[in-house]
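Working notes, structure below.
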Amino acid sequence: MQGNLYLGQRAMRERREAALKKGIVAIVDLGTDKINCMIVATDATLMRAPRVDGIGRLDGHAGMKVIGAANTMSRGIEYGEIVEMDEVERGLRTVVQTAQKMADVRVDHVIACFSGGRPRSYGLLGEAKVTHGEVTEADVGEALDQAEVPPYGAGREVIHALPVNYTLDARTGLSDPRGLTGNALSVDMHMMTVSTATVQNLMTVCRRCSLELSGVVHSSYAAGLSAMTEDELELGGACIDMGAGSTGISVFMKRQMIFADSIPFGGAQVTNDICQGLIVSTAHAERIKTFHGGLVATSADDRDLLEIPRDPNDDDAGRRTVSRAELIGIMRPRLEETLEAVRDSLDAASFDHMPGRRIVLTGGASLVPGMEEVAGRILGRQVRLGRPLRIPGLPGAQTVAQFSASVGMGLYLARPQDECWDYEVPADRSGAQRFRKALRWFRESW
Amino acid sequence: MRPVRREYAPSKHNYTLQRLWLTRGVRIGVTRVLPMLILIGGLIGAVLYPPHLAWIKAQAGAARTAVVELPELMINDVEITGLTDAQLRDAVHVLALSWPVSSVEVDLRAARDRVEALAPVASAELTVGSDRVLRVDVTPRQAVAVWRSEDGLFLIDALGVKIGRLDQRLARADLPFLLDAGADDHVVEAVALAEAAGPLTERIVALVRVGERRWDIMLDRGQRIRLPEERPVDALLHVLALQLSEDVLERDVVDMDMRDRDRPTVRISENAVREMRRLRQLMRGEDA
């Protein structure tokens with residue numbers, strides 16, 4: 001693995017640390033349907049404060065508080081990717097300004113998430129000999145450094161590289177081997193790549209709004225962090241983030257994300273289907289979907305007649321009605337198709353062989369009544385609807401499934417997973433590194 | 001009808017302005033510093049506006065006048081002590097005050113400096129008492145010698161400062177008489193010599209500064225004692241000792257040279273020389 005592989009990520013991490021020191025960070029979720037911005041005030045002292053009961057420490061999010069939040073309709077984003085820069089810039093300006101007004105502070109640092117970018121997951125294995133009996137950070141860095149990076153193609157970029165599992169001699173399933181004694185250290189790494197253009201666009205839009213991008217998270221990862229409970233993260237489970245433009249899949253095991261994928265199907269397609277099936281405008285279709293939509297038809301639904309709003313440009317004087325069963329008939333195939341694609345993706349990740357197999361549905365499209373039942377039938381496992389974790393100051397309107405990814409980013413900010421670039425590459429790799437190491441030793445000693 | 005608003009996003013301008021407004025420094029600058037600057041600027045401007053300035057000056061002048069003209073602060077008279085009548089006129093002249101005058105306007109320090117600049121005044125003390133009289137206590141300079149320089153005859157004090165002109169030396173016959181340039185720088189030495197003279201005092205005519213470096217004492221009958229540069233008083237005492245034991249100066253000695261203390265030398269008059277030679281010849285004749 002080359003030393004300069006994660007230079008961009010390292011720079012971003014430094015910026016994020018600077019932002020945490022400053023205490024004000026904006027979290028921006030650039031979704032297909034909405035752009036959401038939360039301004040989070042962090043308190044570094046509370047972040048790792050001991051718990052009231054004296055057992056362990058607080059989990060990070062106690063030290064943060066949402067002091068400003070705003071969201072607006074998103075334009076110029078399709079399938080979770082920016083397709084029109086000016087529109088997205090306007091949307092970002094709107095939310096950032098509104099949130100700033102609410103928080104009465106100025107934000108400079110932004111952590112953004114997006115759902116597109118065709119994410120691809122790779123499992124990597126790195127091995128190294130432990131030099132001094134006890135595993136040190138340098139050994140971990142060495143092992144990570146030894147991992148062979150597959151050719152992931154030009155125009156793609158690593159956004160997450162998480163060491164998910166360490167094996168020391170015969171013991172496996174270690175989450176942090178530092179300080180343990182052993183001989184051979186091997187590390188399983190999960191690397192996730194997205195297309196470079198997507199990240200570049202994100203950077204451009206932030207720069208245009210004179211914000212500093214200090215972190216990029218994929219929304220499937222963020223949604224998983226906030227929608228899944230501790231047990232689900234620990235024992236293994238999948239989070240299906242059903243957004244408007246795309247559906248993100250992330251599989252967690254032992255608190256680490258081991259697989260992620262994204263399917264370009266989402267709620268927007270359902271609206272589109274209703275639009276075409278009932279011949280109404282997109283706005284009306286969206287309204288019909290959210291108010292009357294469903295997935296499981298009962299006999300009562302045949303008698304439940306919905307009035308289709310008239311198009312004022314239409315000469316037709318009559319009032320059109322459609323039964324709810326008909327609406328369900330339009331919506332269900334599309335969502336079934338989406339869930340089948342999710343099932344294929346999970347099968348590809350051999351989710352079947354994992355110990356815990358909870359599936360958490362979150363995101364706007366998961367709120368369709370009957371989704372739990374249909375998803376359970378297709379995915380064949382325990383399925384539940386997940387809502388984002390409550391974090392202090394979160395507006396009541398944002399405690400719903402649509403905002404999982406935003407809240408997840410907050411959690412990511414409060415307690416970022418150790419990523420590959422957090423470990424120093426062994427000192428003999430480069431002169432600058434060695435110099436920095438000497439500096440760090442100096443700092444730590446005095 | 002109100003036009004339909006198409007654009008809900010804030011303009012770039014608006015956005016930047018809001019962010020600027022939320023910046024701490026800018027906000028404090030605009031809400032605190034700027035009003036303060038405007039206030040201070042306004043005040044300064046109002047004060048410097050010529051009509052206002054004139055009015056302020058007029059008010060200040062009136063207030064000052066009111067204080068200055070208070071009868072309690074007026075000085076009505078002057079009383080000078082320690083000077084002779086002739087010097088008094090000079091002193092009143094240099095005080096340059098016309099009565100009555102307000103004590104606020106009198107610069108006593110400058111007045112004192114002016115009085116002290118007068119030749120006969122060593123130091124002066126000016127006080128304004130409760131009786132509203134300016135009291136000038138002058139310590140006059142003490143004349144210790146009379147000095148004749150190229151410019152004329154002067155009374156001088158111990159520091160060599162000329163106190164005043166003198167018409168004739170005998171007006172102050174009690175003081176030693178100094179001659180020639182440079183004498184005024186060594187008045188103390190001269191006075192010491194005069195005092196040390198003892199029995200010779202009556203006979204001393206003058207003390208002459210020679211070449212601005214040493215003293216000669218001129219006695220009556222044209223006699224002269226030449227003193228060295230170093231320790232002239234000791235040399236004079238030496239002379240006195242010789243006088244007491246040998247009556248040197250009672251003899252026909254014209255000049256007594258003490259410049260070399262190891263070898264006091266006397267010069268006798270021409271007559272004495274002749275007389276001595278005659279006597280010697282006589283003695284030789286008797287012998288022969």
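We name chains A, B, ... following the order of the structure tokens; residues begin at 1 in each chain, and ligands are numbered from 1 as shown.
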Contacts between chain B and chain A, please, where a residue of chain A counts if it comes within 6 Å (with only C-alpha atoms); show its shortest atom pair and distance in Å to one decimal, rows by chain and ascending number, as a Markdown table.
| residue | atom | partner | partner_atom | distance |
| --- | --- | --- | --- | --- |
| A:Arg90 | CA | B:Ala9 | CA | 5.4 |
| A:Thr94 | CA | B:Ala9 | CA | 5.0 |
| A:Val105 | CA | B:Leu22 | CA | 5.6 |
| A:Arg106 | CA | B:Leu22 | CA | 5.2 |
Extract the full set of strand (DSSP E or B) residues from stretch 184-305 of chain A according to DSSP on the backbone, and format it as a PyMOL selection string.
-> chain A and resi 184-195+212-218+237-242+247-253+256-263+305
From the DSSP assignment of the backbone, select every residue of stretch 6-183 of chain A that is helix (DSSP H, G or I), and format the answer as an MDAnalysis selection string.
-> chainID A and resid 6:22 44:47 61:63 85:103 137:146
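Using only C-alpha atoms, the residues found no farther than 10 Å from B:Asn271, other than those of its own chain fewer than 5 positions away, are Asp252, Met276 and Arg277 of chain B.
Our summary of the geometry notes that atom CA of A:Pro388 is positioned 14.1 Å from atom CA of A:Asp29.
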Which residues, written as an NGL selection string, have at least one atom at most 6 Å from stretch 324-338 of chain A, with only C-alpha atoms counted and residues fewer than 3 positions away on the same chain left out?
-> :A and (265 or 270 or 294-295 or 297 or 301-302 or 304 or 341)
Now that the selection is made, can you save its residues with N, CA, C and O atoms as a tab-separated table (two decimals), in the first residue's frame?
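Here's the written file selection_25.tsv:
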chain	number	residue	atom	x	y	z
A	265	PHE	N	-32.19	2.53	-6.83
A	265	PHE	CA	-33.65	2.50	-6.80
A	265	PHE	C	-34.07	3.20	-5.53
A	265	PHE	O	-33.43	3.04	-4.51
A	270	VAL	N	-40.82	5.35	-7.24
A	270	VAL	CA	-42.20	5.01	-6.89
A	270	VAL	C	-43.12	6.17	-7.25
A	270	VAL	O	-44.17	6.00	-7.87
A	294	GLY	N	-49.29	2.41	0.34
A	294	GLY	CA	-49.20	1.21	1.15
A	294	GLY	C	-48.66	0.09	0.31
A	294	GLY	O	-48.43	0.24	-0.89
A	295	LEU	N	-48.43	-1.03	0.96
A	295	LEU	CA	-47.88	-2.16	0.23
A	295	LEU	C	-48.74	-3.42	0.34
A	295	LEU	O	-48.65	-4.31	-0.49
A	297	ALA	N	-52.45	-4.89	0.39
A	297	ALA	CA	-53.84	-4.55	0.13
A	297	ALA	C	-54.76	-5.46	0.94
A	297	ALA	O	-54.51	-6.65	1.08
A	301	ASP	N	-59.38	-1.92	1.13
A	301	ASP	CA	-58.73	-0.98	0.23
A	301	ASP	C	-59.44	-0.87	-1.12
A	301	ASP	O	-59.31	0.12	-1.82
A	302	ASP	N	-60.17	-1.92	-1.50
A	302	ASP	CA	-60.93	-1.84	-2.76
A	302	ASP	C	-62.01	-0.79	-2.68
A	302	ASP	O	-62.36	-0.16	-3.67
A	304	ASP	N	-61.91	1.80	-0.63
A	304	ASP	CA	-61.35	3.10	-0.23
A	304	ASP	C	-60.98	3.87	-1.49
A	304	ASP	O	-59.96	3.62	-2.13
A	341	ALA	N	-33.40	-6.48	-5.28
A	341	ALA	CA	-32.02	-6.06	-5.58
A	341	ALA	C	-31.20	-6.04	-4.30
A	341	ALA	O	-30.03	-6.45	-4.28
Quick one: residues within 8 Å of B:Pro228, only C-alpha atoms counted, chain neighbours fewer than 5 positions away excluded, as a ChimeraX atom specification?
-> /B:214-215,235,258-261
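The residue set within 8 Å of stretch 174-180 of chain A, counting only C-alpha atoms and dropping same-chain residues fewer than 6 places from it, reads Glu134, Val135, Thr136, Glu137, Val140, Val164, Asn165, Tyr166, Thr167 and Leu168 of chain A.
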Output C-alpha atoms for every residue in the selection just made, as an mmCIF file, in the first residue's frame.
data_model
loop_
_atom_site.group_PDB
_atom_site.id
_atom_site.type_symbol
_atom_site.label_atom_id
_atom_site.label_comp_id
_atom_site.auth_asym_id
_atom_site.auth_seq_id
_atom_site.Cartn_x
_atom_site.Cartn_y
_atom_site.Cartn_z
ATOM 1 C CA GLU A 134 3.799 -6.325 22.475
ATOM 2 C CA VAL A 135 1.780 -4.997 19.604
ATOM 3 C CA THR A 136 2.370 -1.288 19.123
ATOM 4 C CA GLU A 137 0.767 1.221 16.871
ATOM 5 C CA VAL A 140 -0.635 -2.151 13.325
ATOM 6 C CA VAL A 164 -12.456 -4.507 11.013
ATOM 7 C CA ASN A 165 -10.795 -7.476 12.589
ATOM 8 C CA TYR A 166 -7.385 -8.283 13.981
ATOM 9 C CA THR A 167 -5.918 -11.719 14.370
ATOM 10 C CA LEU A 168 -2.978 -12.192 16.702
#
Long-range neighbours of B:Leu88 as a ChimeraX atom specification, 12 Å cut-off, only C-alpha atoms, 3 positions minimum in chain = /B:78-85,91-95,115,118,120-121,136-138,140
